[in-house]
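Q: Take a look at my_file19.txt, compact mmCIF, C-alpha atoms:
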# COMPACT_ATOMS: atom_id res chain seq x y z
CA MET A 352 0.00 0.00 0.00
CA ARG A 353 0.99 3.64 -0.46
CA VAL A 354 0.77 5.72 2.72
CA LEU A 355 1.00 9.45 3.30
CA LEU A 356 2.50 9.97 6.75
CA VAL A 357 1.97 13.43 8.27
CA ASP A 358 3.71 14.50 11.49
CA ASP A 359 5.80 17.48 12.51
CA GLU A 360 7.94 15.13 14.67
CA GLU A 361 10.62 13.99 12.25
CA SER A 362 11.82 11.17 14.53
CA LEU A 363 8.35 9.63 14.57
CA ARG A 364 7.92 10.03 10.83
CA VAL A 365 11.19 8.41 9.79
CA THR A 366 10.94 5.52 12.24
CA LEU A 367 7.36 4.66 11.30
CA ALA A 368 8.18 5.06 7.60
CA GLY A 369 11.11 2.67 8.13
CA ASN A 370 8.79 0.02 9.56
CA LEU A 371 6.26 0.41 6.77
CA GLU A 372 8.98 0.18 4.11
CA LEU A 373 10.44 -2.88 5.82
CA GLU A 374 7.05 -4.55 5.25
CA GLY A 375 7.15 -3.58 1.56
CA HIS A 376 4.87 -0.53 1.68
CA GLU A 377 5.57 2.82 0.03
CA VAL A 378 5.61 5.95 2.18
CA LEU A 379 5.29 9.63 1.32
CA GLU A 380 5.98 12.13 4.10
CA ALA A 381 4.69 15.58 5.05
CA SER A 382 5.40 17.68 8.13
CA ASP A 383 1.99 19.37 8.37
CA GLY A 384 -1.46 19.46 6.84
CA HIS A 385 -0.64 22.08 4.20
CA GLN A 386 2.31 20.02 2.94
CA ALA A 387 0.09 16.92 2.94
CA LEU A 388 -2.49 18.64 0.72
CA GLU A 389 0.32 19.73 -1.59
CA VAL A 390 1.58 16.12 -1.86
CA LEU A 391 -1.95 14.88 -2.59
CA ARG A 392 -2.31 17.30 -5.49
CA ASN A 393 0.24 15.25 -7.45
CA GLU A 394 0.30 11.83 -5.79
CA LYS A 395 -2.21 9.04 -5.25
CA VAL A 396 -2.16 7.21 -1.91
CA ASP A 397 -4.23 4.43 -0.31
CA LEU A 398 -4.51 6.13 3.07
CA VAL A 399 -3.35 9.03 5.19
CA LEU A 400 -1.97 8.68 8.72
CA SER A 401 -1.68 12.07 10.40
CA ASP A 402 -0.85 13.50 13.79
CA ILE A 403 -3.61 15.67 15.29
CA ARG A 404 -1.58 18.49 16.82
CA MET A 405 0.77 20.16 14.37
CA PRO A 406 1.74 23.75 13.72
CA GLY A 407 -0.03 25.15 10.66
CA LEU A 408 -2.81 22.89 9.46
CA GLY A 409 -3.52 20.17 12.08
CA GLY A 410 -4.72 16.60 11.51
CA VAL A 411 -8.42 17.21 12.12
CA GLU A 412 -8.51 20.19 9.74
CA LEU A 413 -6.63 18.07 7.19
CA LEU A 414 -9.28 15.34 7.61
CA GLN A 415 -12.05 17.90 7.03
CA HIS A 416 -10.31 19.14 3.85
CA LEU A 417 -9.87 15.59 2.58
CA ARG A 418 -13.53 14.73 3.15
CA ARG A 419 -14.30 17.30 0.46
CA SER A 420 -11.39 16.71 -1.93
CA HIS A 421 -10.86 12.94 -1.47
CA PRO A 422 -14.12 11.58 0.04
CA ASP A 423 -13.11 7.90 -0.25
CA LEU A 424 -9.60 8.21 1.13
CA PRO A 425 -9.31 6.55 4.58
CA VAL A 426 -7.75 8.83 7.19
CA LEU A 427 -6.26 7.61 10.47
CA LEU A 428 -5.17 10.05 13.15
CA MET A 429 -2.66 9.72 15.97
CA THR A 430 -2.38 11.68 19.17
CA ALA A 431 -0.03 11.96 22.11
CA TYR A 432 -2.77 13.48 24.28
CA THR A 433 -4.80 11.17 26.54
CA ALA A 434 -8.03 13.14 26.16
CA ASP A 435 -7.79 15.23 23.01
CA ASP A 436 -10.65 17.72 22.75
CA GLN A 437 -10.48 17.47 18.96
CA LEU A 438 -11.44 13.78 18.92
CA ASP A 439 -15.18 14.45 18.70
CA THR A 440 -14.66 16.68 15.67
CA ALA A 441 -12.52 13.96 14.09
CA VAL A 442 -15.25 11.39 14.72
CA MET A 443 -17.89 13.61 13.12
CA ALA A 444 -15.58 14.08 10.12
CA GLY A 445 -15.36 10.30 9.60
CA VAL A 446 -11.93 9.38 10.95
CA PHE A 447 -11.26 5.67 10.39
CA ALA A 448 -9.48 5.21 13.73
CA VAL A 449 -7.33 7.11 16.20
CA LEU A 450 -4.01 5.71 17.45
CA LYS A 451 -2.68 6.74 20.83
CA LYS A 452 1.08 7.34 20.91
CA PRO A 453 3.22 5.41 21.65
CA PHE A 454 1.39 2.67 19.70
CA ASP A 455 2.48 -0.84 18.77
CA PRO A 456 3.92 -0.43 15.22
CA GLU A 457 2.92 -3.97 14.20
CA ALA A 458 -0.73 -3.44 15.21
CA ALA A 459 -0.70 0.00 13.56
CA ILE A 460 0.53 -1.42 10.24
CA ARG A 461 -2.15 -4.15 10.41
CA LEU A 462 -4.80 -1.48 11.03
CA MET A 463 -3.50 0.66 8.13
CA ALA A 464 -3.65 -2.34 5.77
CA ARG A 465 -7.24 -2.95 6.88
CA ALA A 466 -8.18 0.72 6.37
CA ALA A 467 -6.65 0.68 2.87
CA ARG A 468 -8.97 -2.20 1.91
CA GLY A 469 -11.98 0.05 2.65
CA PRO A 470 -13.89 -2.23 5.01
CA VAL A 471 -17.63 -1.97 5.59
CA VAL A 472 -19.61 -1.37 8.79
CA LEU A 473 -22.65 -3.64 8.74
CA VAL A 474 -25.79 -2.43 10.55
CA VAL A 475 -28.34 -5.13 11.45
CA ASP A 476 -31.91 -4.38 12.55
CA ASP A 477 -35.22 -5.88 11.45
CA ASP A 478 -36.65 -2.35 11.69
CA ARG A 479 -35.58 -1.17 8.25
CA SER A 480 -35.86 2.51 9.07
CA VAL A 481 -33.39 2.11 11.97
CA SER A 482 -30.74 0.06 10.15
CA THR A 483 -30.97 2.13 6.97
CA SER A 484 -30.77 5.49 8.76
CA LEU A 485 -27.78 4.40 10.86
CA ALA A 486 -25.93 3.11 7.77
CA GLU A 487 -26.71 6.39 6.00
CA ALA A 488 -25.35 8.38 8.95
CA LEU A 489 -22.06 6.47 8.67
CA CYS A 490 -21.91 6.95 4.88
CA ALA A 491 -22.61 10.68 5.29
CA VAL A 492 -19.20 11.18 6.92
CA GLY A 493 -17.33 9.10 4.33
CA LEU A 494 -17.34 5.65 5.99
CA ARG A 495 -18.53 2.58 4.11
CA ALA A 496 -21.67 1.09 5.62
CA GLU A 497 -24.49 -1.23 4.63
CA ALA A 498 -27.81 -2.12 6.23
CA VAL A 499 -29.27 -5.62 6.47
CA PHE A 500 -32.50 -6.67 8.15
CA SER A 501 -31.90 -10.10 9.74
CA GLY A 502 -29.22 -12.24 11.37
CA ALA A 503 -29.17 -14.58 8.35
CA GLU A 504 -28.51 -11.67 5.98
CA ALA A 505 -25.79 -10.41 8.31
CA LEU A 506 -23.97 -13.77 8.26
CA GLU A 507 -24.15 -13.80 4.47
CA SER A 508 -22.71 -10.26 4.23
CA VAL A 509 -19.86 -10.96 6.65
CA GLU A 510 -19.00 -14.07 4.60
CA SER A 511 -17.96 -11.71 1.76
CA GLY A 512 -14.90 -10.65 3.83
CA ARG A 513 -15.60 -6.93 3.40
CA VAL A 514 -17.05 -6.30 6.88
CA ASP A 515 -14.82 -5.39 9.84
CA VAL A 516 -17.43 -3.99 12.26
CA CYS A 517 -20.94 -5.37 12.85
CA VAL A 518 -23.50 -3.18 14.63
CA THR A 519 -26.54 -5.20 15.67
CA ASP A 520 -29.85 -4.79 17.46
CA VAL A 521 -30.50 -7.19 20.34
CA VAL A 522 -34.17 -8.04 19.86
CA MET A 523 -34.87 -9.42 16.39
CA PRO A 524 -37.21 -12.21 15.16
CA GLU A 525 -35.72 -15.57 14.01
CA MET A 526 -32.17 -14.82 15.17
CA ASP A 527 -31.64 -12.40 18.06
CA GLY A 528 -28.55 -10.20 18.53
CA PRO A 529 -26.72 -12.39 21.10
CA THR A 530 -27.19 -15.51 18.92
CA LEU A 531 -25.87 -13.61 15.90
CA VAL A 532 -22.87 -12.39 17.93
CA ASP A 533 -22.06 -15.98 19.03
CA LYS A 534 -22.17 -17.19 15.42
CA LEU A 535 -20.07 -14.27 14.16
CA ARG A 536 -17.43 -14.58 16.87
CA ALA A 537 -17.17 -18.34 16.40
CA LYS A 538 -16.26 -17.92 12.72
CA TRP A 539 -14.62 -14.46 12.68
CA PRO A 540 -12.96 -13.89 16.08
CA ASN A 541 -11.40 -10.58 14.98
CA LEU A 542 -14.66 -9.00 13.86
CA ALA A 543 -15.61 -6.04 16.08
CA VAL A 544 -19.20 -6.13 17.35
CA ILE A 545 -21.31 -3.27 18.70
CA MET A 546 -24.80 -3.95 20.09
CA PHE A 547 -27.69 -1.58 20.55
CA SER A 548 -30.99 -2.02 22.31
CA GLY A 549 -33.75 -0.39 24.31
CA TYR A 550 -32.30 -2.06 27.44
CA ASP A 551 -29.91 -0.37 29.85
CA PRO A 552 -26.54 -0.54 27.96
CA ARG A 553 -24.58 -1.19 31.19
CA GLU A 554 -26.69 -4.27 31.92
CA LEU A 555 -26.29 -5.40 28.32
CA LEU A 556 -22.52 -4.89 28.42
CA GLU A 557 -22.31 -6.97 31.63
CA ARG A 558 -24.36 -9.76 30.08
CA SER A 559 -22.29 -9.77 26.90
CA SER A 560 -18.87 -9.51 28.57
CA GLY A 561 -16.56 -12.19 27.24
CA SER A 562 -18.41 -12.38 23.93
CA GLY A 563 -16.13 -9.80 22.27
CA VAL A 564 -18.74 -7.03 22.14
CA THR A 565 -16.81 -3.74 22.13
CA ALA A 566 -19.71 -1.37 22.94
CA CYS A 567 -23.40 -1.39 23.85
CA LEU A 568 -25.54 1.59 22.86
CA LYS A 569 -29.03 2.56 23.96
CA LYS A 570 -31.81 3.19 21.44
CA PRO A 571 -32.40 5.64 19.89
CA VAL A 572 -28.75 5.51 18.85
CA HIS A 573 -27.22 8.93 18.27
CA PRO A 574 -25.02 8.96 15.12
CA ARG A 575 -22.21 10.66 17.10
CA GLU A 576 -22.21 7.79 19.63
CA LEU A 577 -22.20 5.22 16.84
CA LEU A 578 -19.35 6.95 14.97
CA ARG A 579 -17.30 7.16 18.17
CA SER A 580 -17.93 3.47 18.95
CA VAL A 581 -16.95 2.39 15.42
CA ALA A 582 -13.70 4.42 15.52
CA ARG A 583 -12.94 3.01 18.99
CA ALA A 584 -13.70 -0.55 17.87
CA ARG A 585 -11.24 -0.12 15.00
CA GLY A 586 -8.45 1.72 16.76
CA GLY A 587 -9.13 1.41 20.48
CA ALA A 588 -7.29 4.67 21.16
CA TRP A 589 -9.52 6.50 23.58
CA MET B 314 -5.32 38.40 42.64
CA ASN B 315 -8.80 38.35 41.12
CA ALA B 316 -10.78 35.26 40.08
CA GLY B 317 -9.86 35.67 36.38
CA GLU B 318 -6.12 35.75 37.12
CA LEU B 319 -6.44 32.74 39.40
CA ASP B 320 -8.26 30.82 36.68
CA THR B 321 -5.56 31.73 34.11
CA ARG B 322 -2.81 30.57 36.49
CA LYS B 323 -4.64 27.32 37.16
CA ARG B 324 -5.07 26.63 33.44
CA THR B 325 -1.41 27.40 32.75
CA ALA B 326 -0.36 25.02 35.56
CA GLU B 327 -2.50 22.29 33.97
CA ASP B 328 -1.30 23.01 30.41
CA VAL B 329 2.43 22.72 31.19
CA PRO B 330 2.39 19.08 32.39
CA SER B 331 0.01 18.23 29.55
CA ALA B 332 2.49 19.66 26.99
CA VAL B 333 5.38 17.80 28.67
CA ARG B 334 3.43 14.52 28.55
CA HIS B 335 2.63 15.14 24.88
CA GLY B 336 6.31 15.75 24.09
CA LEU B 337 7.42 12.66 26.01
CA ARG B 338 4.83 10.40 24.33
CA ASN B 339 6.12 11.52 20.93
CA LYS B 340 9.65 10.55 22.00
CA LEU B 341 8.42 7.18 23.34
CA ALA B 342 6.57 6.54 20.06
CA ALA B 343 9.75 7.13 18.01
CA MET B 344 11.68 4.85 20.40
CA ARG B 345 9.06 2.11 20.10
CA ASN B 346 9.13 2.33 16.30
CA SER B 347 12.94 2.16 16.35
CA VAL B 348 13.01 -0.90 18.62
CA PHE B 349 10.50 -2.67 16.38
CA TYR B 350 12.57 -1.89 13.27
CA ILE B 351 15.81 -3.09 14.86
CA GLN B 352 14.10 -6.26 16.12
CA LYS B 353 12.75 -7.08 12.64
CA SER B 354 16.03 -6.29 10.88
CA LEU B 355 18.15 -8.32 13.30
CA SER B 356 15.71 -11.21 13.04
CA LYS B 357 16.00 -11.18 9.23
CA MET B 358 19.80 -11.20 9.55
CA GLY B 359 19.67 -14.07 12.06
CA ILE B 360 21.47 -12.02 14.74
CA LEU B 361 18.78 -12.44 17.42
CA GLU B 362 19.64 -16.15 17.76
CA HIS B 363 23.37 -15.42 17.92
CA ASP B 364 23.36 -13.58 21.26
CA PRO B 365 20.41 -14.23 23.64
CA ARG B 366 21.02 -10.90 25.39
CA VAL B 367 20.08 -8.96 22.25
CA PRO B 368 16.37 -10.05 22.19
CA ARG B 369 16.30 -9.81 26.00
CA PHE B 370 17.56 -6.23 26.01
CA LEU B 371 15.25 -5.25 23.16
CA ALA B 372 12.32 -6.69 25.14
CA LEU B 373 13.55 -4.74 28.16
CA ILE B 374 13.53 -1.46 26.21
CA GLU B 375 10.01 -2.25 24.96
CA ALA B 376 8.83 -3.00 28.53
CA GLU B 377 10.42 0.21 29.86
CA ILE B 378 8.69 2.27 27.15
CA GLU B 379 5.33 0.75 28.12
CA GLU B 380 6.02 1.40 31.80
CA ALA B 381 7.05 5.00 31.11
CA ASP B 382 3.84 5.53 29.15
CA ARG B 383 1.83 4.04 32.02
CA LEU B 384 3.53 6.41 34.48
CA LEU B 385 2.66 9.37 32.26
CA ASP B 386 -0.99 8.30 32.41
CA SER B 387 -1.16 8.60 36.21
CA PRO B 388 -2.98 11.87 37.02
CA SER B 389 -0.22 13.48 39.10
CA GLY B 390 2.68 12.00 37.13
CA PRO B 391 5.09 9.39 38.49
CA SER B 392 6.14 9.52 42.14
CA PRO B 393 9.89 9.17 42.94
CA ALA B 394 9.17 5.66 44.28
CA GLU B 395 7.41 4.68 41.05
CA LEU B 396 10.32 5.97 39.01
CA ARG B 397 12.80 3.94 41.08
CA THR B 398 10.72 0.76 40.68
CA ALA B 399 10.21 1.34 36.95
CA SER B 400 13.89 1.82 36.22
CA ARG B 401 15.08 -1.20 38.20
CA PRO B 402 16.41 -3.79 35.74
CA GLU B 403 15.28 -7.42 35.93
CA PRO B 404 17.76 -9.74 37.64
Render the structure in this file as structure tokens.
A:
Amino acid sequence: MRVLLVDDEESLRVTLAGNLELEGHEVLEASDGHQALEVLRNEKVDLVLSDIRMPGLGGVELLQHLRRSHPDLPVLLMTAYTADDQLDTAVMAGVFAVLKKPFDPEAAIRLMARAARGPVVLVVDDDRSVSTSLAEALCAVGLRAEAVFSGAEALESVESGRVDVCVTDVVMPEMDGPTLVDKLRAKWPNLAVIMFSGYDPRELLERSSGSGVTACLKKPVHPRELLRSVARARGGAW
Amino acid sequence: MNAGELDTRKRTAEDVPSAVRHGLRNKLAAMRNSVFYIQKSLSKMGILEHDPRVPRFLALIEAEIEEADRLLDSPSGPSPAELRTASRPEP
């Protein structure tokens, strides 16, 4: 894959570029958002990995620019701050994932390779208006998302290998959410799963602990909460 | 000193450690990337098997980086006792 790496810290840039090149990937470098946009005027890349805090144009502003100029380009951000107040803006701009420095380079390269493949978030709910509107909310910020309306359809979609996050309702006819999660986790242990329901999410999270569910959301699900949960499920940074 | 000045001082006092932590995490990230690169390169060259202390010391650097990051996460920063424990090498 071809990666544009954006960070004003040269030591971080060259060392991460070294690791990516060692794995056979190609790396272009920029020291801030303006330089990154300049590079992207002439070069094609599979993804952008950018620091959030940089002098000049920062990572979140760069992400917002790219949503307009390169809507399908996956953007990952990295931060050295534990609680960055720009994370919510990044989530609403459709960040793929956020990495917290100092991150494990091997896991980061795996995540970048996944992002470059353009994986899909699958939303499962028998209430078509719910699943469709949630998938549309994800697509609106540049993420790839699809809606399906039963557990059986979800299993069929995941079989395609394009899905990396499954967001499912708990109460559904024929196959309920927990049964679907068990089937998914048995076959695809690395698939991230988010559940939503009218129940108390804390109770749901307790009941589903150990099943690999990364978040439980309460209905009606706010798109901001869903976007944050998807980015967390992918990157686990904050 | 009025309430506004007090508030400004308080925010400045909070911002300084936050900026230091940010700077240190960037350094730790570059160190972690470097260790990973060296580990991979030495493994490809077959040097890791040649001297058992090389992988052990690389693992030690990796563990110290993780510990330093953990100490930076504690709300008031590391205590002197924590720093002593963290820097003590394994027997």
Q: Residues of chain A within 7 Å of chain B, counting only C-alpha atoms, what are they? List them as a list in words.
A: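 Close to chain B, chain A has Ser362, Leu363, Thr366, Leu367, Asn370, Ala431, Tyr432, Lys452, Pro453, Phe454 and Pro456 of chain A.
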Q: Just to confirm, what's the straight-line distance from atom CA of A:His421 to atom CA of A:Pro406 in Å (one decimal)?
A: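 Distance between the two atoms: 22.5 Å.
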Q: State, in Å with one decimal place, the distance from atom CA of A:Glu412 to atom CA of A:Ala441.
A: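 Distance between the two atoms: 8.6 Å.
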Q: What is the distance between atom CA of A:Val442 and atom CA of A:Val492, in Å to one decimal?
A: 8.7 Å
Q: Would you pick out the contacts of A:Val396 at 7 Å or less, using all atoms listed in the file, so that residues sharing its chain but fewer than 3 positions from it are not included, and give the list as a PyMOL selection string?
A: chain A and resi 353-355
Q: Those residues you just picked out, can you put them in a file as a CSV table (one decimal), in the coordinates of the input with C-alpha atoms?
A:
chain,number,residue,atom,x,y,z
A,353,ARG,CA,1.0,3.6,-0.5
A,354,VAL,CA,0.8,5.7,2.7
A,355,LEU,CA,1.0,9.4,3.3
Q: For A:Leu473, list every protein, DNA or RNA residue within 10 Å, evaluated using only C-alpha atoms, and leave out those in the same chain fewer than 6 positions away; present the list as a PyMOL selection string.
A: chain A and resi 482+485-486+495-499+505+508-509+513-519+544
Q: Please write the residues from the selection above to a file, keeping C-alpha atoms, as an mmCIF file, keeping the file's coordinate frame.
A:
data_model
loop_
_atom_site.group_PDB
_atom_site.id
_atom_site.type_symbol
_atom_site.label_atom_id
_atom_site.label_comp_id
_atom_site.auth_asym_id
_atom_site.auth_seq_id
_atom_site.Cartn_x
_atom_site.Cartn_y
_atom_site.Cartn_z
ATOM 1 C CA SER A 482 -30.740 0.060 10.150
ATOM 2 C CA LEU A 485 -27.780 4.400 10.860
ATOM 3 C CA ALA A 486 -25.930 3.110 7.770
ATOM 4 C CA ARG A 495 -18.530 2.580 4.110
ATOM 5 C CA ALA A 496 -21.670 1.090 5.620
ATOM 6 C CA GLU A 497 -24.490 -1.230 4.630
ATOM 7 C CA ALA A 498 -27.810 -2.120 6.230
ATOM 8 C CA VAL A 499 -29.270 -5.620 6.470
ATOM 9 C CA ALA A 505 -25.790 -10.410 8.310
ATOM 10 C CA SER A 508 -22.710 -10.260 4.230
ATOM 11 C CA VAL A 509 -19.860 -10.960 6.650
ATOM 12 C CA ARG A 513 -15.600 -6.930 3.400
ATOM 13 C CA VAL A 514 -17.050 -6.300 6.880
ATOM 14 C CA ASP A 515 -14.820 -5.390 9.840
ATOM 15 C CA VAL A 516 -17.430 -3.990 12.260
ATOM 16 C CA CYS A 517 -20.940 -5.370 12.850
ATOM 17 C CA VAL A 518 -23.500 -3.180 14.630
ATOM 18 C CA THR A 519 -26.540 -5.200 15.670
ATOM 19 C CA VAL A 544 -19.200 -6.130 17.350
#
Q: Find, counting all atoms listed in the file, the residue in A:Gly407, A:Gly493, A:Gly549, A:Pro470 that gets nearest to A:Ser420.
A: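 Answer, going by the shortest atom-to-atom distance: A:Gly493.
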Q: Could you check the closest approach to A:Ser401 for each of A:Ala584, A:Val475, A:Leu489, A:Leu428 and tell me which residue wins, using all atoms listed in the file?
A: A:Leu428
